[in-house]
Amino acid sequence: MSQPIEITSVSQWNTTLRSATAAGQTVFVDFHAEWCGPCKAIAPKYSQFAQEHPQAIFVRVDVDAQKNIAAKYQVTAMPTFFAIKSGKPVDSLRGADPYGLKAMVTKHAGPNPPVPPLHPEAEAAKVKGNKAFAAGDWSAAVDAYTEALKHAPKSPQLYGNRSLAYLKMGSPESRPKAMQDALSATDLDDQWGKGWTRLGDVMLAAAELDTMDSQEGLLQGLQGAEEAYQKAANLLQTTPSQLAEVQKKLQEVQDKIKLL
């Protein structure tokens, strides 16, 4: 299991931040001191969070041994914790507060596995697609995600986004495309829990909206959705909000199956 890494040089620190940025990982930092009692008290909890969130990077920095790093982040009390994304602090916590630390880690640990940054042109098209999706313009969202996929054809997240946009269109022509994109997302990354959620959503819609010739066909569709949601739940154990959402969907599908 993952354990926090002790930073022993500025060079190691810089390398860690660069590699994390390239991989789309959050870096959590524990600024501590050997003489600090509260630092020692919370250290086991910090190590526990590192084990529970292997998608993120957890490091420890001794403020006396690495004064330049501590000074850059204006650390004046120990322990002080930071969450860093793309090389920049996004959150911090001062003091040995295990509940506050857990909340910060849960909020910023990110997906498991982490999502590497997209090509700049793909990212710009994705942002355009997200705006169109938020405005309810499903067709424009599909077009934007399609453009993004031209620059990042191996991105399961883009396939997942386009799948949902196709699903929202709700036409008989769009649903097979939604299914194909959802399948592509899970094929590209079978460890992406949200991708399995997307697939479950599409399979459930197909079961409920398509014209079924038999009760058996409906049952097969619901069972496919159930399997996808179960895989998603198994992969989303470290992201409570997404886990709760997929568990609710899973229960609803199981209830429908019982009624058949």
# chains A, B, ... in the order shown; residues from 1 in each chain; ligands from 1
>>> select_by_dssp(residues="segment 11-183 of chain A", states="strand (DSSP E or B)", output="ChimeraX atom specification")
/A:27-32,57-62,80-85,88-94
>>> residues_around(residues="Val27 of chain A", least_positions_apart="4", cutoff="10 Å", atoms="only C-alpha atoms", output="ChimeraX atom specification")
/A:16-17,20-21,55-59,82-89,105,108-109
>>> closest_atom_pairs(of="segment 158-250 of chain A", to="segment 138-141 of chain A", cutoff="7 Å", atoms="only C-alpha atoms", output="tab-separated table")
residue	atom	partner	partner_atom	distance
A:Ala165	CA	A:Trp138	CA	5.3
A:Lys168	CA	A:Trp138	CA	6.6
A:Met169	CA	A:Trp138	CA	6.0
>>> write_last_selection(atoms="C-alpha atoms", output="PDB file, in the first residue's frame")
ATOM      1  CA  ALA A 165     -24.988  14.085 -24.337  1.00  0.00           C
ATOM      2  CA  LYS A 168     -29.916  13.364 -23.280  1.00  0.00           C
ATOM      3  CA  MET A 169     -30.891  13.851 -26.932  1.00  0.00           C
TER       4      MET A 169
END
>>> residues_around(residues="Val10 of chain A", least_positions_apart="4", cutoff="8 Å", atoms="only C-alpha atoms", output="list of chain:residue names")
A:Asn14, A:Gln66, A:Asn68, A:Ile69
>>> select_by_dssp(residues="segment 25-180 of chain A", states="helix (DSSP H, G or I)", output="ChimeraX atom specification")
/A:37-52,67-72,98-108,120-134,138-151,156-169,174-180
>>> residues_around(residues="segment 206-210 of chain A", least_positions_apart="2", cutoff="10 Å", atoms="only C-alpha atoms", output="NGL selection string")
:A and (167 or 170-172 or 175-176 or 178-179 or 200-204 or 212-213 or 217-225)
>>> write_last_selection(atoms="N, CA and C atoms", output="short mmCIF file (atom, residue, chain, number, x, y, z; two decimals), in the first residue's frame")
data_model
loop_
_atom_site.label_atom_id
_atom_site.label_comp_id
_atom_site.auth_asym_id
_atom_site.auth_seq_id
_atom_site.Cartn_x
_atom_site.Cartn_y
_atom_site.Cartn_z
N LEU A 167 -27.28 10.52 -24.91
CA LEU A 167 -28.40 9.98 -24.14
C LEU A 167 -29.45 11.05 -23.87
N GLY A 170 -32.11 11.78 -26.54
CA GLY A 170 -33.31 10.98 -26.38
C GLY A 170 -33.94 10.42 -27.64
N SER A 171 -33.29 10.56 -28.78
CA SER A 171 -33.89 10.05 -30.02
C SER A 171 -33.49 8.61 -30.25
N PRO A 172 -34.27 7.87 -31.03
CA PRO A 172 -33.90 6.48 -31.35
C PRO A 172 -32.53 6.39 -32.03
N ARG A 175 -29.49 6.94 -29.19
CA ARG A 175 -29.25 5.98 -28.12
C ARG A 175 -28.20 4.93 -28.46
N PRO A 176 -28.19 4.37 -29.69
CA PRO A 176 -27.09 3.44 -30.01
C PRO A 176 -25.72 4.11 -29.96
N ALA A 178 -24.95 6.58 -27.96
CA ALA A 178 -24.66 6.71 -26.52
C ALA A 178 -24.10 5.41 -25.98
N MET A 179 -24.69 4.29 -26.40
CA MET A 179 -24.22 2.98 -25.95
C MET A 179 -22.79 2.71 -26.44
N GLY A 200 -24.10 2.15 -17.23
CA GLY A 200 -25.34 1.76 -16.55
C GLY A 200 -26.49 2.68 -16.91
N ASP A 201 -26.21 3.99 -16.98
CA ASP A 201 -27.26 4.94 -17.34
C ASP A 201 -27.82 4.66 -18.73
N VAL A 202 -26.91 4.38 -19.67
CA VAL A 202 -27.34 4.13 -21.05
C VAL A 202 -28.14 2.82 -21.13
N MET A 203 -27.66 1.79 -20.45
CA MET A 203 -28.36 0.50 -20.49
C MET A 203 -29.73 0.60 -19.83
N LEU A 204 -29.82 1.38 -18.77
CA LEU A 204 -31.11 1.57 -18.12
C LEU A 204 -32.07 2.31 -19.05
N MET A 212 -39.57 -2.96 -26.27
CA MET A 212 -39.12 -4.31 -25.99
C MET A 212 -40.18 -5.30 -26.46
N ASP A 213 -39.74 -6.36 -27.10
CA ASP A 213 -40.66 -7.37 -27.59
C ASP A 213 -41.10 -8.33 -26.50
N GLY A 217 -36.54 -9.36 -22.59
CA GLY A 217 -35.66 -8.31 -23.10
C GLY A 217 -35.50 -7.20 -22.10
N LEU A 218 -36.58 -6.80 -21.44
CA LEU A 218 -36.52 -5.76 -20.41
C LEU A 218 -35.64 -6.22 -19.25
N LEU A 219 -35.82 -7.47 -18.85
CA LEU A 219 -35.03 -8.00 -17.75
C LEU A 219 -33.54 -8.00 -18.08
N GLN A 220 -33.20 -8.38 -19.30
CA GLN A 220 -31.80 -8.40 -19.71
C GLN A 220 -31.19 -7.01 -19.67
N GLY A 221 -31.99 -6.01 -20.11
CA GLY A 221 -31.49 -4.64 -20.08
C GLY A 221 -31.25 -4.15 -18.66
N LEU A 222 -32.18 -4.45 -17.78
CA LEU A 222 -32.03 -4.03 -16.38
C LEU A 222 -30.86 -4.75 -15.71
N GLN A 223 -30.67 -6.01 -16.03
CA GLN A 223 -29.55 -6.76 -15.45
C GLN A 223 -28.22 -6.24 -15.96
N GLY A 224 -28.19 -5.79 -17.21
CA GLY A 224 -26.97 -5.17 -17.73
C GLY A 224 -26.65 -3.88 -16.99
N ALA A 225 -27.68 -3.07 -16.73
CA ALA A 225 -27.49 -1.84 -15.97
C ALA A 225 -27.03 -2.15 -14.55
#
>>> closest_residue(among="A:Thr26, A:Tyr46, A:Lys126, A:Met78", to="Asp91 of chain A", atoms="only C-alpha atoms")
A:Thr26
>>> atom_distance(atom1="atom CA of Val115 of chain A", atom2="atom CA of Tyr229 of chain A")
20.6 Å
>>> closest_residue(among="A:Ala77, A:Ala125, A:Ala33, A:Ile42", to="Ala65 of chain A", atoms="only C-alpha atoms")
A:Ala33
>>> atom_distance(atom1="atom CA of Gly110 of chain A", atom2="atom CA of Pro240 of chain A")
11.2 Å
>>> atom_distance(atom1="atom CA of Asp189 of chain A", atom2="atom CA of Tyr166 of chain A")
20.0 Å
>>> closest_residue(among="A:Gly136, A:Pro111, A:Pro153, A:Pro117", to="Gly195 of chain A", atoms="only C-alpha atoms")
A:Pro111
>>> residues_around(residues="Glu121 of chain A", least_positions_apart="4", cutoff="12 Å", atoms="only C-alpha atoms", output="list in words")
Pro117, Ala125, Lys126, Val127, Lys128, Ala144, Tyr145, Thr146, Glu147, Ala148, Leu149, Lys150, His151 and Ala152 of chain A
>>> closest_residue(among="A:Arg18, A:Lys131, A:Val75, A:Glu226", to="Lys256 of chain A", atoms="only C-alpha atoms")
A:Glu226
>>> closest_residue(among="A:Ala124, A:Val253, A:Ala43, A:Ala70", to="Ser9 of chain A", atoms="only C-alpha atoms")
A:Ala70
>>> closest_residue(among="A:Lys248, A:His119, A:Lys177, A:Lys107", to="Ser155 of chain A", atoms="only C-alpha atoms")
A:His119
